[in-house]
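Source file: structure-v8.csv; contents: CSV, C-alpha atoms.
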chain,number,residue,atom,x,y,z
A,1,MET,CA,66.5,33.3,177.2
A,2,SER,CA,67.4,31.6,174.0
A,3,ASN,CA,68.2,34.8,172.2
A,4,PRO,CA,70.8,36.7,174.2
A,5,ILE,CA,70.9,40.5,174.5
A,6,ASP,CA,73.5,41.7,172.0
A,7,VAL,CA,76.1,44.1,173.4
A,8,GLN,CA,78.8,45.6,171.2
A,9,ILE,CA,81.6,47.3,173.2
A,10,TRP,CA,84.0,49.7,171.5
A,11,SER,CA,87.1,50.1,173.7
A,12,ASP,CA,90.9,50.2,173.7
A,13,VAL,CA,93.1,47.9,175.7
A,14,GLN,CA,95.1,50.9,177.2
A,15,CYS,CA,92.0,52.8,178.2
A,16,PRO,CA,91.7,53.0,182.0
A,17,TRP,CA,88.0,53.8,182.0
A,18,CYS,CA,87.3,50.9,179.6
A,19,TYR,CA,88.6,48.4,182.2
A,20,ILE,CA,86.7,50.0,185.0
A,21,GLY,CA,83.6,50.2,182.9
A,22,LYS,CA,84.1,46.5,182.0
A,23,ARG,CA,84.0,45.6,185.7
A,24,LYS,CA,80.9,47.7,186.3
A,25,PHE,CA,79.2,46.2,183.2
A,26,GLU,CA,80.0,42.7,184.3
A,27,ALA,CA,78.5,43.4,187.7
A,28,ALA,CA,75.3,44.4,186.0
A,29,VAL,CA,75.3,41.2,183.9
A,30,GLU,CA,75.6,39.1,187.0
A,31,GLN,CA,72.4,40.7,188.4
A,32,PHE,CA,70.6,40.6,185.0
A,33,ASP,CA,68.1,37.8,184.7
A,34,GLY,CA,68.9,36.8,181.1
A,35,GLU,CA,71.7,36.0,178.7
A,36,VAL,CA,74.1,38.6,177.3
A,37,GLN,CA,76.3,38.2,174.2
A,38,VAL,CA,79.3,40.5,174.3
A,39,THR,CA,81.5,41.5,171.3
A,40,TYR,CA,84.5,43.8,171.7
A,41,ARG,CA,85.1,46.2,168.9
A,42,SER,CA,88.3,48.0,168.2
A,43,PHE,CA,88.9,51.7,169.1
A,44,GLU,CA,92.5,53.0,168.9
A,45,LEU,CA,92.8,56.0,171.2
A,46,ALA,CA,96.3,57.0,170.0
A,47,PRO,CA,97.1,55.2,166.7
A,48,ASP,CA,100.2,57.3,166.2
A,49,THR,CA,101.9,56.1,169.4
A,50,PRO,CA,105.1,54.2,168.7
A,51,VAL,CA,105.3,50.6,169.7
A,52,ASP,CA,108.4,51.2,171.8
A,53,PHE,CA,107.7,54.6,173.5
A,54,GLU,CA,110.6,55.1,175.7
A,55,GLY,CA,109.2,56.4,179.0
A,56,SER,CA,106.5,56.0,181.5
A,57,PRO,CA,102.8,57.0,181.0
A,58,VAL,CA,103.5,60.1,183.2
A,59,GLU,CA,106.3,61.1,180.9
A,60,TYR,CA,104.1,60.4,177.9
A,61,LEU,CA,101.4,62.7,179.1
A,62,SER,CA,104.0,65.4,180.1
A,63,GLN,CA,105.4,65.3,176.5
A,64,ARG,CA,102.0,65.2,174.7
A,65,LYS,CA,100.0,67.6,176.8
A,66,GLY,CA,102.6,69.8,178.4
A,67,VAL,CA,101.7,69.1,182.0
A,68,SER,CA,104.2,68.6,184.8
A,69,PRO,CA,105.1,65.2,186.2
A,70,GLU,CA,103.4,66.2,189.4
A,71,GLN,CA,100.2,66.9,187.6
A,72,ALA,CA,100.4,63.7,185.6
A,73,LYS,CA,101.0,61.8,188.9
A,74,GLN,CA,97.7,63.3,190.3
A,75,MET,CA,95.8,61.9,187.3
A,76,VAL,CA,97.4,58.5,187.7
A,77,ASP,CA,96.6,58.4,191.4
A,78,ARG,CA,93.0,59.3,190.8
A,79,VAL,CA,92.2,56.7,188.2
A,80,SER,CA,94.1,54.1,190.3
A,81,ASP,CA,91.9,54.9,193.2
A,82,VAL,CA,88.7,54.5,191.1
A,83,ALA,CA,90.1,51.2,189.7
A,84,ALA,CA,90.7,49.9,193.2
A,85,SER,CA,87.1,50.6,194.1
A,86,VAL,CA,86.1,47.9,191.6
A,87,ALA,CA,88.9,45.6,192.7
A,88,LEU,CA,91.3,46.4,189.9
A,89,GLU,CA,95.0,47.0,190.5
A,90,TYR,CA,96.5,49.6,188.2
A,91,HIS,CA,100.3,49.8,188.4
A,92,TYR,CA,101.2,52.9,186.3
A,93,ASP,CA,104.8,52.6,187.4
A,94,ARG,CA,105.1,49.4,185.3
A,95,ILE,CA,102.9,50.3,182.3
A,96,HIS,CA,104.5,50.2,178.8
A,97,GLN,CA,102.9,52.9,176.8
A,98,THR,CA,102.6,51.5,173.3
A,99,ASN,CA,100.6,51.2,170.0
A,100,THR,CA,97.6,48.9,170.4
A,101,VAL,CA,96.8,48.0,166.8
A,102,LEU,CA,98.4,44.5,167.1
A,103,ALA,CA,96.4,43.9,170.3
A,104,HIS,CA,93.2,44.8,168.4
A,105,GLU,CA,94.2,42.5,165.6
A,106,LEU,CA,94.7,39.7,168.1
A,107,LEU,CA,91.3,40.4,169.7
A,108,HIS,CA,89.7,39.7,166.3
A,109,PHE,CA,91.8,36.6,165.9
A,110,ALA,CA,90.5,35.5,169.3
A,111,LYS,CA,86.9,36.3,168.2
A,112,ALA,CA,87.3,34.0,165.2
A,113,HIS,CA,88.3,31.3,167.7
A,114,GLY,CA,85.6,31.9,170.2
A,115,LEU,CA,87.9,33.3,172.9
A,116,GLN,CA,87.6,37.1,172.5
A,117,VAL,CA,86.1,37.8,175.9
A,118,GLU,CA,88.8,35.8,177.6
A,119,LEU,CA,91.6,37.5,175.7
A,120,LYS,CA,90.2,41.0,176.4
A,121,GLU,CA,90.4,40.4,180.1
A,122,ARG,CA,93.9,38.9,179.7
A,123,LEU,CA,95.2,41.9,177.7
A,124,LEU,CA,93.7,44.5,180.1
A,125,ARG,CA,95.2,42.7,183.1
A,126,ALA,CA,98.5,42.3,181.3
A,127,TYR,CA,98.7,46.0,180.5
A,128,PHE,CA,97.3,47.7,183.7
A,129,THR,CA,98.3,45.2,186.4
A,130,GLU,CA,101.3,43.2,185.2
A,131,GLY,CA,103.2,45.8,183.1
A,132,ARG,CA,103.4,43.5,180.0
A,133,HIS,CA,104.3,45.0,176.7
A,134,ILE,CA,101.1,44.5,174.6
A,135,GLY,CA,102.5,46.2,171.5
A,136,ARG,CA,104.9,43.4,170.7
A,137,ALA,CA,103.9,40.4,168.7
A,138,ASP,CA,105.8,37.9,170.8
A,139,GLU,CA,104.2,39.1,174.0
A,140,LEU,CA,100.8,39.0,172.4
A,141,ALA,CA,101.3,35.5,171.2
A,142,SER,CA,102.2,34.5,174.8
A,143,LEU,CA,99.1,36.1,176.2
A,144,ALA,CA,97.0,34.4,173.5
A,145,SER,CA,98.4,31.1,174.7
A,146,ASP,CA,97.3,32.0,178.3
A,147,VAL,CA,93.7,31.9,177.2
A,148,GLY,CA,93.9,28.7,175.2
A,149,LEU,CA,94.7,30.1,171.7
A,150,ASP,CA,97.4,28.6,169.5
A,151,PRO,CA,100.4,31.0,169.9
A,152,ASP,CA,101.9,30.0,166.6
A,153,ALA,CA,98.7,30.7,164.7
A,154,ALA,CA,98.3,33.9,166.6
A,155,ALA,CA,101.8,35.0,165.7
A,156,GLN,CA,101.2,34.2,162.1
A,157,ALA,CA,98.0,36.2,162.0
A,158,LEU,CA,99.8,39.1,163.6
A,159,ALA,CA,102.8,38.9,161.1
A,160,GLU,CA,100.4,38.7,158.2
A,161,HIS,CA,98.0,41.3,159.6
A,162,THR,CA,95.2,39.0,158.8
A,163,TYR,CA,92.7,40.9,161.0
A,164,LEU,CA,93.8,44.4,160.3
A,165,PRO,CA,90.9,45.0,158.0
A,166,ASP,CA,88.5,44.1,160.8
A,167,VAL,CA,90.2,46.6,163.1
A,168,LYS,CA,89.9,49.3,160.5
A,169,ALA,CA,86.3,48.4,159.9
A,170,ASP,CA,85.5,48.7,163.6
A,171,MET,CA,87.2,52.2,163.6
A,172,ALA,CA,85.2,53.2,160.6
A,173,GLN,CA,82.0,52.0,162.2
A,174,ALA,CA,82.8,54.0,165.3
A,175,VAL,CA,83.2,57.1,163.2
A,176,ALA,CA,80.0,56.3,161.3
A,177,TYR,CA,78.2,55.9,164.6
A,178,GLY,CA,79.6,59.2,165.9
A,179,ILE,CA,81.4,57.5,168.7
A,180,GLN,CA,84.0,59.9,170.2
A,181,GLY,CA,84.9,58.3,173.4
A,182,VAL,CA,85.3,54.8,174.9
A,183,PRO,CA,84.1,52.6,176.4
A,184,PHE,CA,81.0,52.8,174.3
A,185,PHE,CA,78.3,50.1,174.6
A,186,VAL,CA,75.6,49.4,172.0
A,187,ILE,CA,72.8,47.3,173.2
A,188,ASP,CA,70.7,45.4,170.7
A,189,ASP,CA,71.7,47.8,168.0
A,190,LYS,CA,69.3,50.3,169.6
A,191,TYR,CA,70.7,51.8,172.8
A,192,GLY,CA,74.0,53.5,173.3
A,193,ILE,CA,75.8,53.9,176.6
A,194,SER,CA,79.0,56.0,176.9
A,195,GLY,CA,81.6,55.7,179.6
A,196,ALA,CA,82.2,53.8,182.8
A,197,GLN,CA,78.7,54.0,184.0
A,198,ASP,CA,77.5,52.7,187.4
A,199,SER,CA,76.4,49.1,187.3
A,200,ALA,CA,72.8,50.2,187.9
A,201,SER,CA,72.7,52.1,184.7
A,202,PHE,CA,74.0,49.1,182.7
A,203,LEU,CA,71.5,46.8,184.4
A,204,ALA,CA,68.6,49.2,183.7
A,205,ALA,CA,69.6,49.3,180.0
A,206,LEU,CA,69.7,45.5,179.8
A,207,GLN,CA,66.4,45.2,181.5
A,208,GLN,CA,64.9,47.8,179.2
A,209,SER,CA,66.1,45.9,176.1
A,210,ALA,CA,64.7,42.7,177.6
A,211,ALA,CA,61.4,44.3,178.3
A,212,GLU,CA,61.1,45.6,174.8
A,213,ARG,CA,61.8,42.2,173.4
A,214,GLU,CA,59.0,40.8,175.4
A,215,SER,CA,56.6,43.4,174.2
A,216,THR,CA,57.7,42.9,170.6
A,217,PRO,CA,58.6,39.2,170.3
A,218,ALA,CA,58.5,39.2,166.5
A,219,GLU,CA,61.5,41.6,166.4
A,220,ALA,CA,63.4,39.8,169.1
A,221,THR,CA,63.9,36.8,166.9
A,222,SER,CA,64.4,38.6,163.6
B,1,MET,CA,82.8,43.0,157.7
B,2,THR,CA,80.8,46.0,156.5
B,3,THR,CA,80.3,49.4,157.8
B,4,ASP,CA,76.9,51.2,158.0
B,5,ALA,CA,77.1,54.4,155.9
B,6,ALA,CA,74.9,56.6,158.1
B,7,PRO,CA,75.2,57.5,161.8
B,8,LYS,CA,73.1,55.2,164.0
B,9,PRO,CA,70.3,56.9,165.8
B,10,PHE,CA,70.9,55.3,169.2
B,11,THR,CA,68.9,56.2,172.1
B,12,MET,CA,71.5,57.2,174.7
B,13,LEU,CA,71.0,55.8,178.2
B,14,GLY,CA,72.8,56.3,181.5
B,15,ASP,CA,74.7,59.3,182.9
B,16,PRO,CA,76.0,61.5,180.1
B,17,ALA,CA,78.8,62.7,182.4
B,18,ALA,CA,80.2,59.2,183.0
B,19,GLU,CA,83.9,59.1,182.5
B,20,ALA,CA,85.2,57.9,179.2
B,21,CYS,CA,88.4,58.2,177.1
B,22,GLU,CA,88.6,60.6,174.2
B,23,GLY,CA,91.9,60.7,172.5
B,24,ASP,CA,95.4,60.1,173.8
B,25,ALA,CA,94.9,62.4,176.8
B,26,CYS,CA,92.9,59.6,178.3
B,27,LEU,CA,95.8,57.2,178.2
B,28,ILE,CA,96.2,59.0,181.5
B,29,PRO,CA,92.8,60.2,182.5
B,30,ALA,CA,91.8,63.6,183.5
B,31,PRO,CA,92.1,64.7,187.2
B,32,ALA,CA,89.4,65.8,189.4
B,33,ALA,CA,90.5,69.4,189.0
B,34,PRO,CA,91.4,71.0,185.7
B,35,ILE,CA,95.0,71.0,184.8
B,36,VAL,CA,96.7,74.1,183.4
B,37,PRO,CA,99.5,73.4,180.9
B,38,GLU,CA,102.8,74.9,181.9
As structure tokens - that is how I would like this structure written.
Amino acid sequence: MSNPIDVQIWSDVQCPWCYIGKRKFEAAVEQFDGEVQVTYRSFELAPDTPVDFEGSPVEYLSQRKGVSPEQAKQMVDRVSDVAASVALEYHYDRIHQTNTVLAHELLHFAKAHGLQVELKERLLRAYFTEGRHIGRADELASLASDVGLDPDAAAQALAEHTYLPDVKADMAQAVAYGIQGVPFFVIDDKYGISGAQDSASFLAALQQSAAERESTPAEATS
Amino acid sequence: MTTDAAPKPFTMLGDPAAEACEGDACLIPAPAAPIVPE
């Protein structure tokens, strides 16, 4: 297919269901007989979180929501089990709860350099599996380097907040679209899919979009 | 980058009950059973 299916994905880099949903979506793309073009859009789940929150995610939840550490631990264990079912390792004992706006700015920097998909995966693994601090510019520049981006240029873009307007535009677009939760997938600007769906649901949506293009070829190339 | 002014009339596909993150509570996701704040 010369004109790939367009998929816009609103998500946050510290959203556990976004990483799980990403894996399920990728499994669908592998089965899909066609090309898919993915663009990640910014969605900050907790923009008021400090960069250097002192404490674990369990403590964060206990403070913010008034649940006991034992209850928070139940939540962590459950999502970690679901993550493991799609071959992801979540290590909540290592996670640094933080503010993700700089990570989103870096994703737009990566998009401008054609490496957004690679960086998205790198940031998610860094946060959930490796316990890296994705709120700090120096860590982000290092992670950018891991996927082939220029770390100095990345650091400069973060220092100057070059891509902050793009982050804000994504957030505004999410509000305009009525998106309340992530991950949220928009396929060919026509279909919406919310949450970490099964791969079969993603595949069906891709196939439906492809079938519609075939039935209306004039629109597919417009 | 521009923002569309009006909500997009997407046709929603998939399971509407699929798990997603809404707000900071999802930074640690909800458990299988409801949690009662202390």
Residues within 10 Å of (80.1, 58.8, 179.5), counting all atoms listed in the file, listed as a list in words:
Trp17, Gly21, Gly181, Val182, Pro183, Phe184, Ile193, Ser194, Gly195, Ala196 and Gln197 of chain A; Met12, Leu13, Gly14, Asp15, Pro16, Ala17, Ala18, Glu19, Ala20 and Cys21 of chain B
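Atom pair CA of Ser80 in chain A / CA of Arg23 in chain A has a distance of 14.0 Å (rounded to one decimal).
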Separation of CA of Arg132 in chain A from CA of Val76 in chain A in Å
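Between these atoms lies a distance of 17.9 Å.
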Return as a VMD selection string the residues belonging to chain A that are within 8 Å of chain B, counting all atoms listed in the file.
chain A and resid 14 to 18 45 to 46 57 to 58 61 64 to 68 71 to 72 74 to 76 78 to 79 166 169 to 170 172 to 173 176 to 178 180 to 183 189 to 197 201 to 202 205
Quick one: residues within 8 Å of range 109-117 of chain A, all atoms listed in the file counted, chain neighbours fewer than 2 positions away excluded, as JSON, numbers by chain?
{"A": [38, 39, 40, 105, 106, 107, 119, 120, 121, 144, 147, 148, 149, 154, 157, 163]}
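Here CA of Asp152 in chain A and CA of Leu164 in chain A stand 17.7 Å from one another.
Counting all atoms listed in the file and comparing A:Arg125, A:Lys73, A:Arg213, A:Arg94, the residue that lies closest to Asp188 in chain A is A:Arg213.
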